[in-house]
$ cat structure.pdb   # PDB, C-alpha atoms
ATOM      1  CA  MET A   1      78.491 133.641 111.489
ATOM      2  CA  ARG A   2      82.164 134.506 111.792
ATOM      3  CA  TYR A   3      83.186 130.933 110.814
ATOM      4  CA  SER A   4      80.914 130.959 107.755
ATOM      5  CA  ILE A   5      82.598 134.166 106.497
ATOM      6  CA  ILE A   6      86.177 133.018 107.101
ATOM      7  CA  LYS A   7      85.669 129.604 105.461
ATOM      8  CA  PRO A   8      84.858 130.947 101.952
ATOM      9  CA  ILE A   9      87.791 133.386 102.218
ATOM     10  CA  THR A  10      90.086 130.512 103.149
ATOM     11  CA  LEU A  11      88.847 128.501 100.180
ATOM     12  CA  ILE A  12      89.430 131.429  97.848
ATOM     13  CA  ILE A  13      92.990 131.868  99.144
ATOM     14  CA  CYS A  14      93.726 128.135  98.790
ATOM     15  CA  CYS A  15      92.347 128.058  95.261
ATOM     16  CA  SER A  16      94.381 131.139  94.349
ATOM     17  CA  VAL A  17      97.548 129.532  95.677
ATOM     18  CA  LEU A  18      96.873 126.381  93.629
ATOM     19  CA  LEU A  19      96.199 128.398  90.477
ATOM     20  CA  ILE A  20      99.400 130.396  90.948
ATOM     21  CA  ALA A  21     101.400 127.197  91.519
ATOM     22  CA  HIS A  22      99.916 125.634  88.383
ATOM     23  CA  ALA A  23     100.696 128.752  86.369
ATOM     24  CA  GLN A  24     104.249 128.826  87.690
ATOM     25  CA  LYS A  25     104.696 125.165  86.791
ATOM     26  CA  GLY A  26     103.480 125.854  83.243
ATOM     27  CA  ALA A  27     105.750 128.871  82.946
ATOM     28  CA  ALA A  28     108.702 126.824  84.168
ATOM     29  CA  ASN A  29     108.176 124.397  81.273
ATOM     30  CA  LYS A  30     108.052 127.118  78.623
ATOM     31  CA  PHE A  31     110.850 126.983  76.095
ATOM     32  CA  LYS A  32     111.090 127.424  72.342
ATOM     33  CA  VAL A  33     111.916 124.650  69.891
ATOM     34  CA  ILE A  34     112.925 125.053  66.253
ATOM     35  CA  ALA A  35     112.926 121.981  64.011
ATOM     36  CA  PHE A  36     114.923 121.984  60.776
ATOM     37  CA  PHE A  37     114.012 119.608  57.972
ATOM     38  CA  THR A  38     114.591 118.954  54.277
ATOM     39  CA  ALA A  39     111.818 116.424  53.473
ATOM     40  CA  LYS A  40     113.091 115.491  50.033
ATOM     41  CA  GLN A  41     114.126 112.315  48.220
ATOM     42  CA  ASP A  42     113.228 109.362  50.483
ATOM     43  CA  PRO A  43     109.427 109.030  50.946
ATOM     44  CA  ALA A  44     109.971 107.411  54.361
ATOM     45  CA  HIS A  45     111.847 110.443  55.674
ATOM     46  CA  ILE A  46     109.278 112.808  54.157
ATOM     47  CA  SER A  47     106.517 110.799  55.821
ATOM     48  CA  PHE A  48     108.252 111.056  59.185
ATOM     49  CA  VAL A  49     108.774 114.811  58.856
ATOM     50  CA  HIS A  50     105.075 115.342  58.124
ATOM     51  CA  GLU A  51     104.144 113.232  61.148
ATOM     52  CA  ALA A  52     106.594 115.052  63.394
ATOM     53  CA  ASN A  53     105.287 118.449  62.343
ATOM     54  CA  GLN A  54     101.809 117.336  63.410
ATOM     55  CA  TRP A  55     102.787 115.514  66.614
ATOM     56  CA  PHE A  56     105.156 118.062  68.147
ATOM     57  CA  PRO A  57     102.676 120.991  68.034
ATOM     58  CA  GLU A  58     100.173 118.790  69.911
ATOM     59  CA  MET A  59     102.810 118.032  72.523
ATOM     60  CA  ALA A  60     103.711 121.719  72.701
ATOM     61  CA  VAL A  61     100.173 122.564  73.789
ATOM     62  CA  LYS A  62     100.116 119.740  76.318
ATOM     63  CA  TYR A  63     103.535 120.396  77.845
ATOM     64  CA  HIS A  64     103.733 124.174  77.522
ATOM     65  CA  PHE A  65     106.506 124.819  75.027
ATOM     66  CA  THR A  66     106.613 126.501  71.619
ATOM     67  CA  TYR A  67     107.317 124.492  68.464
ATOM     68  CA  ASP A  68     108.317 126.027  65.153
ATOM     69  CA  SER A  69     109.705 124.311  62.059
ATOM     70  CA  THR A  70     111.497 125.431  58.928
ATOM     71  CA  ASN A  71     113.047 123.937  55.794
ATOM     72  CA  ASN A  72     115.239 127.017  55.359
ATOM     73  CA  TRP A  73     118.614 125.883  56.655
ATOM     74  CA  ASN A  74     119.971 129.421  56.203
ATOM     75  CA  ASN A  75     118.053 130.187  59.394
ATOM     76  CA  LEU A  76     120.758 128.205  61.148
ATOM     77  CA  ASN A  77     122.582 131.391  62.150
ATOM     78  CA  ASP A  78     123.453 133.199  65.366
ATOM     79  CA  SER A  79     120.641 135.755  65.362
ATOM     80  CA  PHE A  80     117.905 133.242  64.504
ATOM     81  CA  LEU A  81     119.064 130.592  66.992
ATOM     82  CA  ARG A  82     119.228 133.158  69.784
ATOM     83  CA  ASP A  83     115.440 132.931  70.138
ATOM     84  CA  TYR A  84     115.373 129.146  70.643
ATOM     85  CA  GLN A  85     116.406 126.926  73.538
ATOM     86  CA  VAL A  86     116.226 123.619  71.601
ATOM     87  CA  VAL A  87     117.099 122.773  67.989
ATOM     88  CA  ILE A  88     115.776 119.608  66.309
ATOM     89  CA  PHE A  89     117.163 118.049  63.135
ATOM     90  CA  LEU A  90     114.273 115.956  61.813
ATOM     91  CA  ASP A  91     115.871 114.340  58.794
ATOM     92  CA  THR A  92     119.165 115.840  57.629
ATOM     93  CA  ARG A  93     122.088 118.010  58.760
ATOM     94  CA  PRO A  94     123.357 121.422  57.616
ATOM     95  CA  ASP A  95     125.678 121.335  54.605
ATOM     96  CA  SER A  96     127.086 124.856  54.246
ATOM     97  CA  LEU A  97     130.070 125.992  56.301
ATOM     98  CA  PRO A  98     128.330 129.076  57.827
ATOM     99  CA  GLN A  99     125.410 126.893  58.984
ATOM    100  CA  ARG A 100     127.773 124.354  60.523
ATOM    101  CA  ILE A 101     129.815 127.015  62.284
ATOM    102  CA  ALA A 102     126.644 128.578  63.704
ATOM    103  CA  PHE A 103     125.363 125.227  64.983
ATOM    104  CA  GLU A 104     128.665 124.290  66.630
ATOM    105  CA  LYS A 105     128.799 127.709  68.285
ATOM    106  CA  TYR A 106     125.206 127.307  69.470
ATOM    107  CA  MET A 107     125.921 123.929  71.052
ATOM    108  CA  LYS A 108     129.190 124.996  72.657
ATOM    109  CA  GLY A 109     127.385 128.046  74.017
ATOM    110  CA  GLY A 110     124.867 125.935  75.947
ATOM    111  CA  GLY A 111     122.179 125.285  73.336
ATOM    112  CA  ALA A 112     120.265 122.003  73.214
ATOM    113  CA  TRP A 113     119.703 119.579  70.328
ATOM    114  CA  MET A 114     117.593 116.552  69.464
ATOM    115  CA  GLY A 115     118.339 114.596  66.305
ATOM    116  CA  PHE A 116     116.410 111.828  64.566
ATOM    117  CA  HIS A 117     117.498 108.968  62.324
ATOM    118  CA  PHE A 118     118.951 110.375  59.091
ATOM    119  CA  SER A 119     120.335 113.489  60.810
ATOM    120  CA  ALA A 120     123.344 111.363  61.854
ATOM    121  CA  PHE A 121     123.881 109.719  58.479
ATOM    122  CA  ALA A 122     127.238 110.121  56.749
ATOM    123  CA  LEU A 123     128.828 107.876  54.143
ATOM    124  CA  THR A 124     131.742 108.524  51.838
ATOM    125  CA  PRO A 125     131.162 108.394  48.914
ATOM    126  CA  SER A 126     127.484 109.394  48.859
ATOM    127  CA  ALA A 127     125.330 112.509  48.626
ATOM    128  CA  TYR A 128     125.978 112.881  52.388
ATOM    129  CA  PRO A 129     129.732 112.286  52.834
ATOM    130  CA  GLN A 130     131.475 112.366  56.178
ATOM    131  CA  ASN A 131     132.980 115.812  55.792
ATOM    132  CA  TRP A 132     132.169 117.281  59.204
ATOM    133  CA  ASP A 133     134.461 115.785  61.824
ATOM    134  CA  TRP A 134     133.207 117.777  64.808
ATOM    135  CA  TYR A 135     129.599 116.722  64.239
ATOM    136  CA  HIS A 136     130.008 113.054  63.308
ATOM    137  CA  ASN A 137     133.101 112.098  65.305
ATOM    138  CA  GLU A 138     133.073 114.332  68.385
ATOM    139  CA  PHE A 139     129.475 115.488  68.862
ATOM    140  CA  LEU A 140     127.632 112.321  67.798
ATOM    141  CA  GLY A 141     130.608 110.035  68.312
ATOM    142  CA  ALA A 142     129.338 107.530  65.744
ATOM    143  CA  GLY A 143     131.482 108.316  62.739
ATOM    144  CA  GLU A 144     130.066 107.077  59.456
ATOM    145  CA  TYR A 145     127.002 104.968  58.777
ATOM    146  CA  LYS A 146     127.976 101.305  58.436
ATOM    147  CA  SER A 147     124.832  99.275  57.684
ATOM    148  CA  ASN A 148     121.103  99.018  58.340
ATOM    149  CA  THR A 149     118.246  96.576  58.739
ATOM    150  CA  TRP A 150     115.563  96.198  56.082
ATOM    151  CA  ARG A 151     112.683  96.405  55.851
ATOM    152  CA  PRO A 152     111.494  98.750  58.615
ATOM    153  CA  THR A 153     110.331  96.639  61.556
ATOM    154  CA  SER A 154     109.662  97.045  65.258
ATOM    155  CA  ALA A 155     112.404  96.150  67.715
ATOM    156  CA  ILE A 156     112.543  95.477  71.426
ATOM    157  CA  LEU A 157     114.774  98.108  72.988
ATOM    158  CA  ARG A 158     116.658  97.767  76.269
ATOM    159  CA  VAL A 159     117.009 100.809  78.531
ATOM    160  CA  GLU A 160     120.620 101.084  79.659
ATOM    161  CA  ASP A 161     120.278 104.035  82.012
ATOM    162  CA  SER A 162     116.968 104.119  83.876
ATOM    163  CA  LYS A 163     117.983 107.175  85.927
ATOM    164  CA  HIS A 164     118.389 109.559  83.020
ATOM    165  CA  PRO A 165     115.530 112.103  82.680
ATOM    166  CA  ALA A 166     114.754 110.852  79.155
ATOM    167  CA  THR A 167     114.356 107.203  80.197
ATOM    168  CA  ARG A 168     113.292 107.252  83.851
ATOM    169  CA  HIS A 169     109.627 106.573  83.029
ATOM    170  CA  LEU A 170     110.381 103.579  80.808
ATOM    171  CA  ALA A 171     110.366  99.869  81.593
ATOM    172  CA  THR A 172     113.597  97.905  81.261
ATOM    173  CA  THR A 173     112.541  96.825  77.764
ATOM    174  CA  PHE A 174     109.863  98.153  75.431
ATOM    175  CA  LYS A 175     108.653  97.708  71.869
ATOM    176  CA  ALA A 176     109.631 100.524  69.529
ATOM    177  CA  ALA A 177     107.703 101.640  66.462
ATOM    178  CA  PRO A 178     108.769 100.181  63.098
ATOM    179  CA  ASN A 179     112.027 101.665  61.903
ATOM    180  CA  GLU A 180     115.065 101.143  59.712
ATOM    181  CA  TRP A 181     117.812 100.581  62.303
ATOM    182  CA  TYR A 182     121.336 101.900  61.741
ATOM    183  CA  CYS A 183     124.723 100.463  62.651
ATOM    184  CA  TRP A 184     127.722 102.801  63.012
ATOM    185  CA  GLN A 185     131.406 102.751  62.179
ATOM    186  CA  LYS A 186     132.519 103.599  65.721
ATOM    187  CA  ASP A 187     131.877 101.680  68.936
ATOM    188  CA  LEU A 188     130.095 104.260  71.086
ATOM    189  CA  ARG A 189     130.975 102.310  74.226
ATOM    190  CA  ALA A 190     134.616 103.291  73.730
ATOM    191  CA  ASP A 191     133.850 107.034  73.916
ATOM    192  CA  PRO A 192     133.926 108.253  77.561
ATOM    193  CA  ASN A 193     131.688 111.219  76.700
ATOM    194  CA  ILE A 194     128.897 109.104  75.225
ATOM    195  CA  LYS A 195     126.155 107.794  77.493
ATOM    196  CA  ILE A 196     124.079 105.124  75.744
ATOM    197  CA  LEU A 197     120.466 105.245  76.915
ATOM    198  CA  ALA A 198     118.891 102.463  74.835
ATOM    199  CA  SER A 199     120.048  99.688  72.519
ATOM    200  CA  ILE A 200     118.584  96.789  70.544
ATOM    201  CA  ASP A 201     117.645  93.985  72.940
ATOM    202  CA  THR A 202     118.815  90.490  71.966
ATOM    203  CA  SER A 203     115.184  89.301  71.953
ATOM    204  CA  SER A 204     114.763  91.327  68.740
ATOM    205  CA  PHE A 205     116.992  88.993  66.720
ATOM    206  CA  PRO A 206     116.628  88.216  63.928
ATOM    207  CA  LEU A 207     115.854  91.870  63.171
ATOM    208  CA  GLY A 208     114.752  92.788  59.651
ATOM    209  CA  THR A 209     113.249  90.739  56.842
ATOM    210  CA  GLY A 210     115.649  91.362  53.967
ATOM    211  CA  PRO A 211     115.536  90.371  51.147
ATOM    212  CA  LYS A 212     119.333  90.746  51.342
ATOM    213  CA  PRO A 213     120.939  88.573  54.072
ATOM    214  CA  ASN A 214     123.072  91.483  55.332
ATOM    215  CA  GLU A 215     119.872  93.454  55.985
ATOM    216  CA  ILE A 216     118.890  91.012  58.731
ATOM    217  CA  TRP A 217     120.743  91.269  62.040
ATOM    218  CA  HIS A 218     121.194  88.042  63.992
ATOM    219  CA  SER A 219     123.519  89.240  66.756
ATOM    220  CA  GLY A 220     125.618  92.185  67.861
ATOM    221  CA  TYR A 221     125.390  95.359  69.907
ATOM    222  CA  TYR A 222     123.462  98.311  68.422
ATOM    223  CA  PRO A 223     122.949 101.582  70.345
ATOM    224  CA  VAL A 224     119.894 103.528  69.169
ATOM    225  CA  VAL A 225     119.501 106.356  71.721
ATOM    226  CA  TRP A 226     122.375 108.231  73.327
ATOM    227  CA  THR A 227     123.656 111.541  74.637
ATOM    228  CA  ASN A 228     127.055 113.220  74.668
ATOM    229  CA  THR A 229     127.661 114.434  78.231
ATOM    230  CA  LYS A 230     129.760 117.380  76.998
ATOM    231  CA  TYR A 231     126.650 118.864  75.402
ATOM    232  CA  ARG A 232     122.911 119.120  75.949
ATOM    233  CA  MET A 233     121.960 116.710  73.187
ATOM    234  CA  LEU A 234     119.985 113.567  72.477
ATOM    235  CA  TYR A 235     120.106 111.399  69.370
ATOM    236  CA  LEU A 236     117.338 108.919  68.548
ATOM    237  CA  ASN A 237     117.708 106.479  65.656
ATOM    238  CA  MET A 238     113.933 106.488  65.081
ATOM    239  CA  GLY A 239     112.455 108.359  62.121
ATOM    240  CA  HIS A 240     111.978 106.050  59.126
ATOM    241  CA  ASN A 241     108.436 104.843  58.434
ATOM    242  CA  ASP A 242     107.642 101.698  56.491
ATOM    243  CA  MET A 243     106.413 102.579  52.994
ATOM    244  CA  ASP A 244     104.934 100.703  50.054
ATOM    245  CA  TYR A 245     107.961 100.874  47.796
ATOM    246  CA  GLU A 246     107.220  97.584  46.017
ATOM    247  CA  HIS A 247     103.996  98.718  44.371
ATOM    248  CA  HIS A 248     105.317 102.234  43.765
ATOM    249  CA  THR A 249     102.447 103.804  45.698
ATOM    250  CA  ASN A 250     104.661 105.180  48.503
ATOM    251  CA  GLU A 251     101.739 104.584  50.836
ATOM    252  CA  GLN A 252     102.682 104.961  54.515
ATOM    253  CA  LEU A 253     102.514 101.563  56.209
ATOM    254  CA  SER A 254     103.661 102.473  59.724
ATOM    255  CA  SER A 255     103.964 105.425  62.089
ATOM    256  CA  THR A 256     106.968 106.527  64.126
ATOM    257  CA  PHE A 257     104.569 107.859  66.752
ATOM    258  CA  SER A 258     102.546 104.647  67.116
ATOM    259  CA  SER A 259     104.353 103.532  70.289
ATOM    260  CA  ASP A 260     103.181 105.296  73.461
ATOM    261  CA  THR A 261     106.331 104.241  75.276
ATOM    262  CA  GLN A 262     108.580 105.540  72.522
ATOM    263  CA  ASN A 263     106.580 108.779  72.520
ATOM    264  CA  ARG A 264     107.220 109.044  76.265
ATOM    265  CA  LEU A 265     110.947 108.743  75.582
ATOM    266  CA  ILE A 266     110.837 111.492  72.964
ATOM    267  CA  ILE A 267     108.828 113.964  75.022
ATOM    268  CA  ASP A 268     110.750 113.306  78.248
ATOM    269  CA  GLY A 269     113.963 113.793  76.311
ATOM    270  CA  LEU A 270     112.705 117.074  74.892
ATOM    271  CA  LEU A 271     111.503 118.338  78.276
ATOM    272  CA  TRP A 272     114.916 117.505  79.740
ATOM    273  CA  LEU A 273     116.656 119.450  76.974
ATOM    274  CA  GLY A 274     114.324 122.387  77.454
ATOM    275  CA  SER A 275     114.759 122.401  81.221
ATOM    276  CA  LYS A 276     118.460 123.344  80.975
ATOM    277  CA  GLN A 277     119.377 120.466  83.283
ATOM    278  CA  HIS A 278     122.609 118.777  82.253
ATOM    279  CA  LYS A 279     123.250 115.182  83.231
TER
END

$ encode --input "structure.pdb" --output "structure tokens"
Amino acid sequence: MRYSIIKPITLIICCSVLLIAHAQKGAANKFKVIAFFTAKQDPAHISFVHEANQWFPEMAVKYHFTYDSTNNWNNLNDSFLRDYQVVIFLDTRPDSLPQRIAFEKYMKGGGAWMGFHFSAFALTPSAYPQNWDWYHNEFLGAGEYKSNTWRPTSAILRVEDSKHPATRHLATTFKAAPNEWYCWQKDLRADPNIKILASIDTSSFPLGTGPKPNEIWHSGYYPVVWTNTKYRMLYLNMGHNDMDYEHHTNEQLSSTFSSDTQNRLIIDGLLWLGSKQHK
């Protein structure tokens, strides 16, 4: 009789310990994310923003973090950012001086950032000139936009650092979702603070379909995912869906979140940023 009484008590204690451990694990993952977006002009960027604002809340439930989004860039200020551990730029960058000062202060103070595709774009002259040296030259390290592939197509990406928390679950190469791929003014390999995590694999060439010859890449080195080791940040060149421009329907023809492996990269990168680990 004594054994039959002790056994249920032991089971209850074991179950309680497991539940507490699970709860502690979930609590350890909890962090708050704020995503800024503009979602204007290019239908492909608007399409991506809408997708992201559906996908990230689903991931937030699964991985125990909080996801908020806003198109009010005036929220990029000290008091607002104080409540968030990770900032995401989904499609653009801040333009006003107070917003830029607040973001630089946030990053230098230990904040974390994830940026997609157009958030790194700068071209002089254009509607998005390179007029923010700290962001484009030091923080991102890429300088100005130089060229791109067209139309949006999938690419085989090569993982260059398999030990980084964002890429450790990925194979050496994987197929990315369709995207418009960017080339940059600066060679990121020459910057000692930049750690390139993934680049276009040579098996992708020729990459792009044109119609302009310069929109098809046949060779070269093109980083698409990297981090600056001076900051808690991760830039991903993904974020431009294929759209039906030709027939003027602007119908979405591809999804940035259609690749499970690419999704793994994004969520592992976000969890790393939210964990406050710096590598």

$ residues_around --input "structure.pdb" --residues "range 34-39 of chain A" --least-positions-apart "2" --cutoff "10 Å" --atoms "all atoms listed in the file" --output "MDAnalysis selection string"
chainID A and resid 32 41:50 52:53 56 66:73 75:76 80:81 83:94 113:115 119

$ resolve_selection --input "structure.pdb" --expression "the PyMOL selection byres ((chain A and resi 242-256) around 8)" --output "ChimeraX atom specification"
/A:43-44,47-48,51,151-153,177-179,238-241,257-259

$ closest_residue --input "structure.pdb" --among "A:Arg264, A:His136, A:Arg82, A:Lys186" --to "Tyr221 in chain A" --atoms "all atoms listed in the file"
A:Lys186

$ atom_distance --input "structure.pdb" --atom1 "CA of Thr173 in chain A" --atom2 "CA of Leu157 in chain A"
5.4 Å

$ closest_residue --input "structure.pdb" --among "A:Leu265, A:Asn237, A:Pro206, A:Ala60" --to "His218 in chain A" --atoms "only C-alpha atoms"
A:Pro206
